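Enquirer: Okay, handing you the structure first.
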Amino acid sequence: MFRLDGRTALITGGTQGVGAAIACALAQGGCGIILHGLRDDEAAQHTKATCESFGVRVQTVFCDLTGPTPECIDVLLQRATELTDDISLLVNNVGTFIDKPFLEMDFATYERTMRLNVSVGYFLTQAFARRWIALGTAGRVLFTGSINGELAEADHTAYDASKGAVRSLVRSLCVSLAPYNIRVNALAPGLVLTPLTAPALSDPAAMSWMKLHTPNHQVPGPEVCGPTALFLLSDEAEHIHGQMILVDGGMSIWQQPDLPDSLRGKLEAK
């Protein structure tokens with residue numbers, strides 16, 4: 001089991017979904033947790049209680065990051081550092097999946113997607129990197145990317161662009177920050193069942209289709225992302241810099257999924 005004893009992590013968007021799974025995995029590894037979320041709701045309380053069950057200190061900070069990025073970053077940074085001044089791990093997980101077909105895309109939707117999925121993580125990393133360099137802290141940063149940074153999906157142009165940007169950003173930040181003993185990596189989930197994806201997967205046919213396109217034929221919950229996050233932030237990953245690890249059941253490497261027998265029979269008949 002990888003350990004993060006003595007460390008404290010700030011996790012943006014950490015109250016539900018992949019962020020909550022990461023928070024729980026880090027807490028199980030002995031890491032103190034600062035959960036960021038939009039509001040103190042049932043999901044936030046559940047995640048906080050689960051993390052606390054591992055015997056670590058868990059604190060929360062609630063603020064909206066959809067406004068102008070500089071002001072939002074200042075608010076989050078101030079509130080988080082007021083809770084503790086020993087944050088050495090940053091998980092840039094907050095994001096959105098609101099999208100529209102390309103020909104119907106409006107600037108507000110596009111800009112909101114890029115702001116939450118890219119700009120917030122960019123400037124929050126900058127703010128913490130400045131602090132860590134001044135204090136001589138060996139900081140570690142983890143972004144949440146997506147398989148959409150590797151594979152295109154129809155009618156998700158803004159989301160795909162944002163996650164492609166995250167993939168490139170992780171590489172660039174690695175080169176910029178490694179000399180200061182700050183590691184930057186990312187994990188990229190494939191399709192996992194979260195509050196954001198649940199509506200699209202409520203149709204059994206849609207769920208079956210997605211399982212068909214995944215080599216291990218699974219659409220798991222977000223908990224599959226936790227162990228990868230824990231590893232990438234641990235001492236054991238000391239020599240891993242600028243990487244994005246896909247946690248996708250093999251979806252990203254399968255060029256042509258096998259057809260189910262029922263469909264194969266119909267095609268062969270033709």
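Letters A, B, ... mark the chains of the structure tokens in the order given; residue numbers begin at 1 per chain; ligand numbers begin at 1, in order shown.
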Fewer than 3 positions away in the same chain doesn't count, so skip those; otherwise give me all residues within 10 Å of His213 (chain A), counting only C-alpha atoms, as JSON, numbers by chain.

Expert: {"A": [208, 209, 210, 216, 217, 218, 249, 250, 251, 252, 254, 255, 256, 257, 258, 259]}

Enquirer: Please, could you write that set of residues out with N, CA and C atoms as a compact mmCIF listing (two decimals), in the first residue's frame?

Expert:
# COMPACT_ATOMS: atom_id res chain seq x y z
N SER A 208 -24.75 -1.10 -22.62
CA SER A 208 -24.25 -2.28 -23.33
C SER A 208 -23.28 -1.88 -24.44
N TRP A 209 -23.61 -0.79 -25.14
CA TRP A 209 -22.77 -0.31 -26.22
C TRP A 209 -21.39 0.10 -25.69
N MET A 210 -21.36 0.79 -24.56
CA MET A 210 -20.09 1.25 -24.00
C MET A 210 -19.27 0.06 -23.48
N ASN A 216 -12.23 -4.83 -21.41
CA ASN A 216 -12.61 -5.64 -20.24
C ASN A 216 -14.13 -5.65 -20.02
N HIS A 217 -14.87 -4.99 -20.91
CA HIS A 217 -16.35 -4.99 -20.90
C HIS A 217 -16.92 -4.51 -19.57
N GLN A 218 -16.28 -3.51 -18.99
CA GLN A 218 -16.75 -2.96 -17.72
C GLN A 218 -16.93 -1.45 -17.82
N GLY A 249 -9.85 0.65 -18.86
CA GLY A 249 -10.22 -0.71 -19.24
C GLY A 249 -9.74 -1.12 -20.61
N GLY A 250 -8.81 -0.33 -21.18
CA GLY A 250 -8.28 -0.64 -22.50
C GLY A 250 -8.99 0.03 -23.66
N MET A 251 -10.00 0.85 -23.36
CA MET A 251 -10.80 1.47 -24.42
C MET A 251 -9.95 2.25 -25.42
N SER A 252 -8.91 2.93 -24.95
CA SER A 252 -8.14 3.83 -25.81
C SER A 252 -7.23 3.10 -26.79
N TRP A 254 -8.11 0.00 -28.36
CA TRP A 254 -8.83 -1.01 -29.13
C TRP A 254 -9.34 -0.39 -30.42
N GLN A 255 -8.69 -0.71 -31.52
CA GLN A 255 -9.05 -0.10 -32.80
C GLN A 255 -10.44 -0.51 -33.27
N GLN A 256 -10.76 -1.79 -33.17
CA GLN A 256 -12.05 -2.28 -33.66
C GLN A 256 -12.61 -3.30 -32.68
N PRO A 257 -13.58 -2.90 -31.88
CA PRO A 257 -14.16 -3.84 -30.91
C PRO A 257 -14.79 -5.06 -31.59
N ASP A 258 -14.78 -6.16 -30.88
CA ASP A 258 -15.46 -7.36 -31.38
C ASP A 258 -16.96 -7.11 -31.44
N LEU A 259 -17.57 -7.62 -32.46
CA LEU A 259 -19.03 -7.51 -32.58
C LEU A 259 -19.71 -8.59 -31.76

Enquirer: Dump as CSV the rows for residues of region 14-56 of chain A within 12 Å of region 168-188 of chain A: closest atom pair and distance in Å with one decimal, only C-alpha atoms counted, ordered by chain and rising residue number.

Expert:
residue,atom,partner,partner_atom,distance
A:Val18,CA,A:Ala188,CA,10.3
A:Gly19,CA,A:Leu187,CA,11.5
A:Ile22,CA,A:Leu187,CA,10.5

Enquirer: With only C-alpha atoms as the atoms that count, which of A:Ala206, A:Ala108, A:Ile245, A:Leu124 lies nearest to Pro189 (chain A)?

Expert: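 Nearest candidate to Pro189 (chain A) out of A:Ala206, A:Ala108, A:Ile245, A:Leu124: A:Ile245.
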
Enquirer: Enter the distance from CA of Gln126 (chain A) to CA of Pro195 (chain A), in Å, rounded to one decimal.

Expert: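 Result for CA of Gln126 (chain A) versus CA of Pro195 (chain A): 29.4 Å, one decimal.
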
Enquirer: State, in Å with one decimal place, the distance from CA of Pro222 (chain A) to CA of Ile11 (chain A).

Expert: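 So the two atoms, CA of Pro222 (chain A) and CA of Ile11 (chain A), lie 14.9 Å apart.
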
Enquirer: Hey, what does DSSP flag as strand (DSSP E or B) within region 49-212 of chain A? Can you give it to me as a list in words?

Expert: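 Output for region 49-212 of chain A, strand (DSSP E or B) only: Val58, Gln59, Thr60, Val61, Phe62, Leu89, Leu90, Val91, Asn92, Arg140, Val141, Leu142, Phe143, Thr144, Arg183, Val184, Asn185, Ala186, Leu187, Ala188 and Pro189 of chain A.
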
Enquirer: Can you pull out every residue within 7 Å of region 45-54 of chain A, counting only C-alpha atoms, but drop anything in the same chain fewer than 6 positions away, and send it as a PyMOL selection string?

Expert: chain A and resi 15+20+23-24+27-28

Enquirer: If you keep N, CA, C and O atoms, can you produce a file of those selected residues as a PDB file, in the first residue's frame?

Expert:
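Just written: part31.pdb:
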ATOM      1  N   THR A  15     -15.793  16.521  -3.862  1.00  0.00           N
ATOM      2  CA  THR A  15     -16.887  16.037  -3.026  1.00  0.00           C
ATOM      3  C   THR A  15     -17.704  14.924  -3.656  1.00  0.00           C
ATOM      4  O   THR A  15     -18.484  14.267  -2.968  1.00  0.00           O
ATOM      5  N   ALA A  20     -14.023  12.598  -5.440  1.00  0.00           N
ATOM      6  CA  ALA A  20     -14.281  11.944  -4.155  1.00  0.00           C
ATOM      7  C   ALA A  20     -13.523  10.626  -4.057  1.00  0.00           C
ATOM      8  O   ALA A  20     -12.990  10.280  -2.995  1.00  0.00           O
ATOM      9  N   ALA A  23      -9.993  11.446  -3.281  1.00  0.00           N
ATOM     10  CA  ALA A  23      -9.878  11.886  -1.894  1.00  0.00           C
ATOM     11  C   ALA A  23      -9.870  10.699  -0.941  1.00  0.00           C
ATOM     12  O   ALA A  23      -9.048  10.623  -0.010  1.00  0.00           O
ATOM     13  N   CYS A  24     -10.767   9.751  -1.159  1.00  0.00           N
ATOM     14  CA  CYS A  24     -10.857   8.592  -0.266  1.00  0.00           C
ATOM     15  C   CYS A  24      -9.609   7.722  -0.360  1.00  0.00           C
ATOM     16  O   CYS A  24      -9.117   7.205   0.657  1.00  0.00           O
ATOM     17  N   ALA A  27      -6.818   9.535   1.502  1.00  0.00           N
ATOM     18  CA  ALA A  27      -7.051   9.443   2.945  1.00  0.00           C
ATOM     19  C   ALA A  27      -6.684   8.068   3.466  1.00  0.00           C
ATOM     20  O   ALA A  27      -6.081   7.932   4.538  1.00  0.00           O
ATOM     21  N   GLN A  28      -7.036   7.038   2.716  1.00  0.00           N
ATOM     22  CA  GLN A  28      -6.674   5.673   3.115  1.00  0.00           C
ATOM     23  C   GLN A  28      -5.162   5.508   3.172  1.00  0.00           C
ATOM     24  O   GLN A  28      -4.633   4.711   3.949  1.00  0.00           O
TER      25      GLN A  28
END

Enquirer: So what do you get for CA of Ala200 (chain A) versus CA of Asp155 (chain A), distance-wise?

Expert: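 Rounded to one decimal, the two atoms are 13.7 Å apart.
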
Enquirer: Report as a VMD selection string all protein, DNA and RNA residues lying within 9 Å of region 87-101 of chain A, evaluated on only C-alpha atoms, omitting residues in the same chain fewer than 2 positions from it.

Expert: chain A and resid 7 to 14 18 to 19 22 32 34 36 to 37 65 80 to 81 84 to 85 103 to 106 109 to 110 112 to 118 120 to 122 124 to 125 128 132 137 to 145 154 to 159 196 to 197 229 233

Enquirer: Could you please write out, as a PyMOL selection string, every residue of region 96-227 of chain A that DSSP assigns to alpha helix (DSSP H)?

Expert: chain A and resi 107-114+120-135+157-177+198-201+204-212+226-227

Enquirer: I need the residue nearest Ala25 (chain A) from this list: A:Ser234, A:Ser119, A:Gln59, A:Thr194. Use only C-alpha atoms for the distance.

Expert: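 For Ala25 (chain A), the nearest of the candidates is A:Ser234.
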
Enquirer: Within 10 Å of Gly164 (chain A), counting only C-alpha atoms, which residues show up once you throw out same-chain ones fewer than 6 positions away? Write them as a PDB file with N, CA, C and O atoms, in the first residue's frame, please.

Expert:
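Below is the file that was written, around.pdb:
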ATOM      1  N   VAL A 118      -9.526  23.807 -17.723  1.00  0.00           N
ATOM      2  CA  VAL A 118      -8.129  24.136 -18.023  1.00  0.00           C
ATOM      3  C   VAL A 118      -7.612  25.301 -17.185  1.00  0.00           C
ATOM      4  O   VAL A 118      -6.626  25.171 -16.461  1.00  0.00           O
ATOM      5  N   GLY A 145      -7.477  14.162 -16.274  1.00  0.00           N
ATOM      6  CA  GLY A 145      -7.731  14.312 -17.699  1.00  0.00           C
ATOM      7  C   GLY A 145      -8.934  13.475 -18.092  1.00  0.00           C
ATOM      8  O   GLY A 145      -9.871  13.302 -17.325  1.00  0.00           O
ATOM      9  N   SER A 146      -8.892  12.940 -19.288  1.00  0.00           N
ATOM     10  CA  SER A 146      -9.995  12.113 -19.777  1.00  0.00           C
ATOM     11  C   SER A 146      -9.535  11.367 -21.010  1.00  0.00           C
ATOM     12  O   SER A 146      -8.631  11.818 -21.737  1.00  0.00           O
ATOM     13  N   ILE A 147     -10.174  10.248 -21.282  1.00  0.00           N
ATOM     14  CA  ILE A 147      -9.937   9.553 -22.540  1.00  0.00           C
ATOM     15  C   ILE A 147     -10.278  10.458 -23.722  1.00  0.00           C
ATOM     16  O   ILE A 147      -9.767  10.282 -24.830  1.00  0.00           O
ATOM     17  N   ASN A 148     -11.122  11.478 -23.478  1.00  0.00           N
ATOM     18  CA  ASN A 148     -11.460  12.427 -24.533  1.00  0.00           C
ATOM     19  C   ASN A 148     -10.282  13.312 -24.931  1.00  0.00           C
ATOM     20  O   ASN A 148     -10.351  14.013 -25.935  1.00  0.00           O
ATOM     21  N   GLY A 149      -9.207  13.285 -24.154  1.00  0.00           N
ATOM     22  CA  GLY A 149      -7.991  13.945 -24.574  1.00  0.00           C
ATOM     23  C   GLY A 149      -7.210  13.126 -25.571  1.00  0.00           C
ATOM     24  O   GLY A 149      -6.243  13.612 -26.174  1.00  0.00           O
ATOM     25  N   GLU A 150      -7.626  11.871 -25.773  1.00  0.00           N
ATOM     26  CA  GLU A 150      -6.980  10.956 -26.708  1.00  0.00           C
ATOM     27  C   GLU A 150      -7.874  10.621 -27.897  1.00  0.00           C
ATOM     28  O   GLU A 150      -7.395  10.487 -29.022  1.00  0.00           O
ATOM     29  N   LEU A 151      -9.155  10.448 -27.638  1.00  0.00           N
ATOM     30  CA  LEU A 151     -10.102  10.012 -28.663  1.00  0.00           C
ATOM     31  C   LEU A 151     -11.236  11.028 -28.772  1.00  0.00           C
ATOM     32  O   LEU A 151     -11.781  11.471 -27.762  1.00  0.00           O
ATOM     33  N   ALA A 152     -11.602  11.379 -30.000  1.00  0.00           N
ATOM     34  CA  ALA A 152     -12.673  12.340 -30.221  1.00  0.00           C
ATOM     35  C   ALA A 152     -14.037  11.698 -30.000  1.00  0.00           C
ATOM     36  O   ALA A 152     -14.222  10.496 -30.193  1.00  0.00           O
ATOM     37  N   ALA A 158     -15.895  21.033 -27.377  1.00  0.00           N
ATOM     38  CA  ALA A 158     -15.309  21.867 -26.329  1.00  0.00           C
ATOM     39  C   ALA A 158     -14.683  21.007 -25.239  1.00  0.00           C
ATOM     40  O   ALA A 158     -13.571  21.283 -24.782  1.00  0.00           O
TER      41      ALA A 158
END
